[in-house]
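Participant: I have a structure here, written as structure tokens, and I will follow up with some questions on it.
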Amino acid sequence: MNEDALARGRGHLQSSTGRAVKRGKLTEEAQQEILGRVTLSTDFGSLGDCDLVIEAVPEILDLKRNVFAKLDEVCREDAVLATNTSSLSVTEIAATTRRPAQVVGVHFFNPAPVMKLVEVISTVLTDEDAVRRVAELVQGLGKTPVTIGDRAGFVANRLLFGYLNQAANMLESGHATRDDIDTAMTA
């Protein structure tokens with residue numbers, strides 16, 4: 001991560017909280033309080049005292065594993081390390097660390113400020129306390145956590161793929177037009 005990326009992140013945070021102020025959902029004082037609590041850094045070492053670190057890099061397994069190896073070096077032993085993956089194996093990511101029991105998935109749906117559902121993913125090695133801590137945090141954020149096992153597609157995407165496959169089959173067989181399928185799903 002470089003300084004340009006930090007500046008973009010800072011700008012995104014300022015603009016998103018600024019929109020909330022303009023809509024009356026946040027006061028200017030509350031915005032400044034939020035901005036004051038956020039520390040941006042390009043140094044992994046600055047994460048050393050965190051209770052929970054959530055990684056949100058692109059969906060590239062080697063990149064995520066590299067991030068987790070670095071986190072494993074700098075974070076406290078009791079810290080929970082979480083990945084925001086939507087499709088990769090949490091188990092494969094956890095294997096990069098010396099603490100697979102402290103690794104969970106925490107999949108926020110987009111757009112995260114609006115969507116309530118958050119999948120909290122455990123592996124066969126994940127400590128139940130780590131899952132509980134993350135689920136409680138998610139609930140404290142006003143979200144709805146669902147605790148699930150580490151399977152491809154987790155829960156929501158697996159359900160979605162069933163719908164998408166049925167829609168494709170109906171279109172291909174001539175049972176319904178694309179527009180009719182779209183209308184049926186959105187009306």
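In the structure tokens, the first chain shown is A, the next is B, and so on; residue numbers restart at 1 for each chain, and ligands run from 1 in the order shown.
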Skip range 44-60 of chain A itself and residues of its chain fewer than 2 positions away, then list as a PyMOL selection string all residues within 7 Å of it, counting only C-alpha atoms.

Facilitator: chain A and resi 42+62-64+71+74-76+79-85

Participant: Tell me which protein, DNA and RNA residues are within 8 Å of range 115-126 of chain A, counting only C-alpha atoms, leaving out same-chain ones fewer than 4 positions away, and put them as a VMD selection string.

Facilitator: chain A and resid 90 to 91 100 to 111 130 to 131 134 to 135 138 142 to 150 154 to 155

Participant: With C-alpha atoms kept, could you save the residues just selected as a CSV table (one decimal), in the first residue's frame?

Facilitator:
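Final file, result29.csv:
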chain,number,residue,atom,x,y,z
A,90,VAL,CA,-11.0,-19.2,4.8
A,91,THR,CA,-9.2,-22.5,5.8
A,100,PRO,CA,-5.6,-20.8,12.5
A,101,ALA,CA,-7.9,-21.0,15.6
A,102,GLN,CA,-8.0,-17.2,15.6
A,103,VAL,CA,-8.9,-16.8,11.9
A,104,VAL,CA,-12.4,-16.2,10.7
A,105,GLY,CA,-14.2,-14.9,7.6
A,106,VAL,CA,-16.4,-11.9,8.0
A,107,HIS,CA,-18.1,-11.2,4.7
A,108,PHE,CA,-19.9,-7.8,4.5
A,109,PHE,CA,-22.2,-7.5,1.5
A,110,ASN,CA,-22.0,-4.4,-0.7
A,111,PRO,CA,-22.7,-1.7,-0.2
A,130,ALA,CA,-13.2,-15.9,18.0
A,131,VAL,CA,-16.5,-16.5,16.1
A,134,VAL,CA,-16.8,-11.2,15.7
A,135,ALA,CA,-20.5,-12.0,15.6
A,138,VAL,CA,-21.1,-7.3,13.8
A,142,GLY,CA,-26.4,-2.9,13.7
A,143,LYS,CA,-25.9,-5.7,11.3
A,144,THR,CA,-27.4,-9.2,11.2
A,145,PRO,CA,-24.7,-11.9,11.5
A,146,VAL,CA,-25.2,-15.5,10.3
A,147,THR,CA,-22.5,-17.9,11.5
A,148,ILE,CA,-21.7,-20.5,8.9
A,149,GLY,CA,-19.0,-23.1,8.0
A,150,ASP,CA,-16.3,-22.6,5.4
A,154,PHE,CA,-20.8,-19.5,1.8
A,155,VAL,CA,-24.7,-19.2,2.2

Participant: List every residue of range 94-174 of chain A that DSSP, applied to the backbone of this structure, assigns to strand (DSSP E), and report them as a list in words.

Facilitator: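 Answer for range 94-174 of chain A, restricted to strand (DSSP E): Val103, Val104, Gly105, Val106, His107, Phe108, Leu117, Val118, Glu119, Val120, Ile121, Ser122, Thr144, Pro145, Val146, Thr147, Ile148 and Gly149 of chain A.
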
Participant: Mind pulling up the distance from CA of Ser89 in chain A to CA of Phe68 in chain A?

Facilitator: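 So the answer is 13.3 Å.
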
Participant: From range 100-183 of chain A, collect each residue whose DSSP state is alpha helix (DSSP H) and return the set as a ChimeraX atom specification.

Facilitator: /A:128-140,156-173,178-183
